[in-house]
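S.K.: Provided herewith is a single structure, encoded as structure tokens, for subsequent inquiry.
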Amino acid sequence: MDNPDLSKIGVVAPVVDGKIGTGEYMGAAAFKFTATLPPSAFGGGSTPVTVYVTHDQTYLYLAATFDRKTAFRANDRLGFEFDNDNDGVRENGDDIVLTTASAPQNVQGPAADFHRYNGGVGNKADIADGGTADAITAWGAIGTKGVFEFRHPLNSADDTHDISIDPVNGAVSVGLEMMVKLEVGAVGSGTYVTTHHPSSTTYCKLTIGKTIVSVSCP
């Protein structure tokens, strides 16, 4: 469902600090899915994830919040992948942003800014291919409930590796996939349970207009 006219409700850009303040994502598009949890003394199982998406006509903001049920690990990671041309196919240049729970909580820092290459099969950092790192991130937790936030330019100068959305002249759609990857076993085990939404090969449809944001998932 599209948002109301953002220009009439006075949207304030979210602060990327690993916290969601009152009204911070007012008018944002939102969707939910279920992520798998690592087996633990609590039995593993699953947890609901809520994702918020909004923009201020300069930056795209993404936030995800969920209860891990146990303490977050430094190796826990979360990311979003974009299908830049919304054709449902992984291709060279498709944009990826990633973060982990290794940084100090509630402190803004650079996100891992990657892209697809080798026919869409592999991924590597934008700066390793002559591009730029344009995304920032922050995370935080209260107990076992975590918040992960990203800010990414809607239309950076790094067109080879980033989404390029200019909604001034009309709405633009891109594919959007989310990954939650949580460490299993001992700290530093290097083994994970991973959830992709909608799946590891399909995308939600993210539509950005001058005053609207909408997300539809299969």
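Going by the structure tokens order, chains are called A, B, ..., each with residues numbered from 1, while ligands are numbered from 1 in the order shown.
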Go through segment 18-108 of chain A residue by residue and, counting only C-alpha atoms, keep those with an atom at most 10 Å from segment 196-209 of chain A; for each kept residue give the shortest atom pair and its distance in Å to one decimal, ordered by chain and increasing number, as CSV.
M.R.:
residue,atom,partner,partner_atom,distance
A:Ala29,CA,A:Leu206,CA,9.2
A:Phe31,CA,A:Cys204,CA,9.9
A:Lys32,CA,A:His197,CA,9.4
A:Phe33,CA,A:His197,CA,7.2
A:Thr34,CA,A:His197,CA,8.6
A:Ala35,CA,A:His196,CA,8.1
A:Thr36,CA,A:His196,CA,9.7
A:Val53,CA,A:Leu206,CA,8.8
A:Thr54,CA,A:Ile208,CA,8.6
A:His55,CA,A:Ile208,CA,8.1
A:Gln57,CA,A:Gly209,CA,8.6
A:Leu60,CA,A:Ile208,CA,9.1
A:Leu78,CA,A:His196,CA,10.0
A:Gly79,CA,A:His196,CA,9.6
A:Phe80,CA,A:His196,CA,9.5
A:Glu81,CA,A:Tyr203,CA,8.8
A:Phe82,CA,A:Tyr203,CA,8.1
A:Asp83,CA,A:Tyr203,CA,7.5
A:Asn86,CA,A:Lys205,CA,7.5
A:Asp87,CA,A:Tyr203,CA,9.6
A:Gly88,CA,A:Thr202,CA,6.5
A:Val89,CA,A:Thr201,CA,8.1
A:Arg90,CA,A:Thr201,CA,8.1
S.K.: I'd like the contact shell of Gly143 of chain A - 12 Å cut-off, only C-alpha atoms, skipping same-chain residues fewer than 5 positions apart - returned as a ChimeraX atom specification.
M.R.: /A:66-72
S.K.: Please, what distance in Å, to one decimal, runs between atom CA of Thr194 of chain A and atom CA of Ile127 of chain A?
M.R.: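 Computing it gives 26.1 Å between the two atoms.
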S.K.: When DSSP is applied to the backbone of this structure, which of segment 36-115 of chain A are assigned strand (DSSP E)? Write them out as a PyMOL selection string.
M.R.: chain A and resi 36+46-55+59-67+77-83+95-100+109-110+112-115
S.K.: Please, could you write that set of residues out with C-alpha atoms as a compact mmCIF listing (two decimals), in the first residue's frame?
M.R.:
# COMPACT_ATOMS: atom_id res chain seq x y z
CA THR A 36 14.94 -18.99 11.56
CA SER A 46 11.78 -18.72 14.53
CA THR A 47 11.18 -15.05 15.12
CA PRO A 48 9.16 -12.35 13.33
CA VAL A 49 11.16 -9.67 11.50
CA THR A 50 9.70 -6.25 10.70
CA VAL A 51 11.29 -4.14 7.96
CA TYR A 52 10.69 -0.42 7.37
CA VAL A 53 11.60 1.43 4.16
CA THR A 54 11.41 5.16 3.56
CA HIS A 55 13.29 7.97 1.79
CA TYR A 59 18.61 8.82 0.72
CA LEU A 60 16.89 5.46 1.09
CA TYR A 61 16.48 4.31 4.70
CA LEU A 62 16.01 0.66 5.70
CA ALA A 63 15.47 -0.68 9.20
CA ALA A 64 14.90 -4.22 10.45
CA THR A 65 13.97 -5.24 13.97
CA PHE A 66 13.59 -8.68 15.55
CA ASP A 67 14.12 -10.67 18.76
CA ARG A 77 24.87 -10.28 9.89
CA LEU A 78 22.03 -8.71 8.01
CA GLY A 79 21.79 -7.37 4.50
CA PHE A 80 19.67 -6.14 1.63
CA GLU A 81 20.20 -6.95 -2.04
CA PHE A 82 18.67 -4.95 -4.87
CA ASP A 83 17.66 -6.11 -8.33
CA ASP A 95 23.58 -3.53 -5.36
CA ILE A 96 24.14 -5.14 -1.92
CA VAL A 97 24.50 -3.58 1.55
CA LEU A 98 25.55 -5.61 4.59
CA THR A 99 26.26 -5.09 8.26
CA THR A 100 27.19 -7.17 11.31
CA GLY A 109 29.60 3.68 10.67
CA PRO A 110 30.17 2.50 7.10
CA ALA A 112 29.67 -3.08 3.60
CA ASP A 113 28.73 -1.80 0.13
CA PHE A 114 28.96 -4.66 -2.39
CA HIS A 115 27.75 -5.52 -5.88
S.K.: If you measure from atom CA of Gly122 of chain A to atom CA of Asn92 of chain A, what distance in Å do you get, rounded to one decimal?
M.R.: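 Spanning atom CA of Gly122 of chain A to atom CA of Asn92 of chain A is a straight-line distance of 8.8 Å.
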S.K.: Using the chain letters and numbers from this document, which residues of segment 96-161 of chain A does DSSP assign to helix (DSSP H, G or I), as a PyMOL selection string?
M.R.: chain A and resi 126-129
S.K.: State, in Å with one decimal place, the distance from atom CA of Gln105 of chain A to atom CA of Gly140 of chain A.
M.R.: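 Between atom CA of Gln105 of chain A and atom CA of Gly140 of chain A the gap is 4.6 Å.
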S.K.: Env of Leu182 of chain A: 6 Å cut, atoms = only C-alpha atoms, seq-sep filter 3 positions within chain, self excluded. Answer as number ranges by chain.
M.R.: A: 76, 192-193
S.K.: Excluding Val168 of chain A and its own-chain neighbours fewer than 3 positions away, which residues fall within 12 Å of it when counting only C-alpha atoms? Please give them as a list in words.
M.R.: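 Contacts, in chain order: Asp56, Gln57, Thr58, Leu154, Asn155, Ile165, Ala171, Val172, Ile208, Gly209, Lys210, Thr211 and Ile212 of chain A.
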S.K.: With C-alpha atoms retained, export the selected residues as a short mmCIF file (atom, residue, chain, number, x, y, z; two decimals), in the first residue's frame.
M.R.:
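Printed below is again_8.cif as written:
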data_model
loop_
_atom_site.label_atom_id
_atom_site.label_comp_id
_atom_site.auth_asym_id
_atom_site.auth_seq_id
_atom_site.Cartn_x
_atom_site.Cartn_y
_atom_site.Cartn_z
CA ASP A 56 13.79 11.73 1.93
CA GLN A 57 14.31 12.16 -1.84
CA THR A 58 18.08 11.99 -1.29
CA LEU A 154 18.96 6.94 -3.90
CA ASN A 155 21.10 8.06 -6.80
CA ILE A 165 16.70 6.05 -8.44
CA ALA A 171 8.02 6.25 -9.57
CA VAL A 172 10.87 3.76 -10.03
CA ILE A 208 10.00 4.71 -4.87
CA GLY A 209 8.09 7.80 -5.96
CA LYS A 210 8.59 11.44 -5.10
CA THR A 211 6.10 11.15 -2.25
CA ILE A 212 5.44 7.41 -1.97
#
S.K.: Between A:Gly190, A:Pro39, A:Pro104, A:Gly23, which one has atoms that come closest to Ala138 of chain A, using only C-alpha atoms?
M.R.: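 Smallest separation from Ala138 of chain A among the options: A:Pro104.
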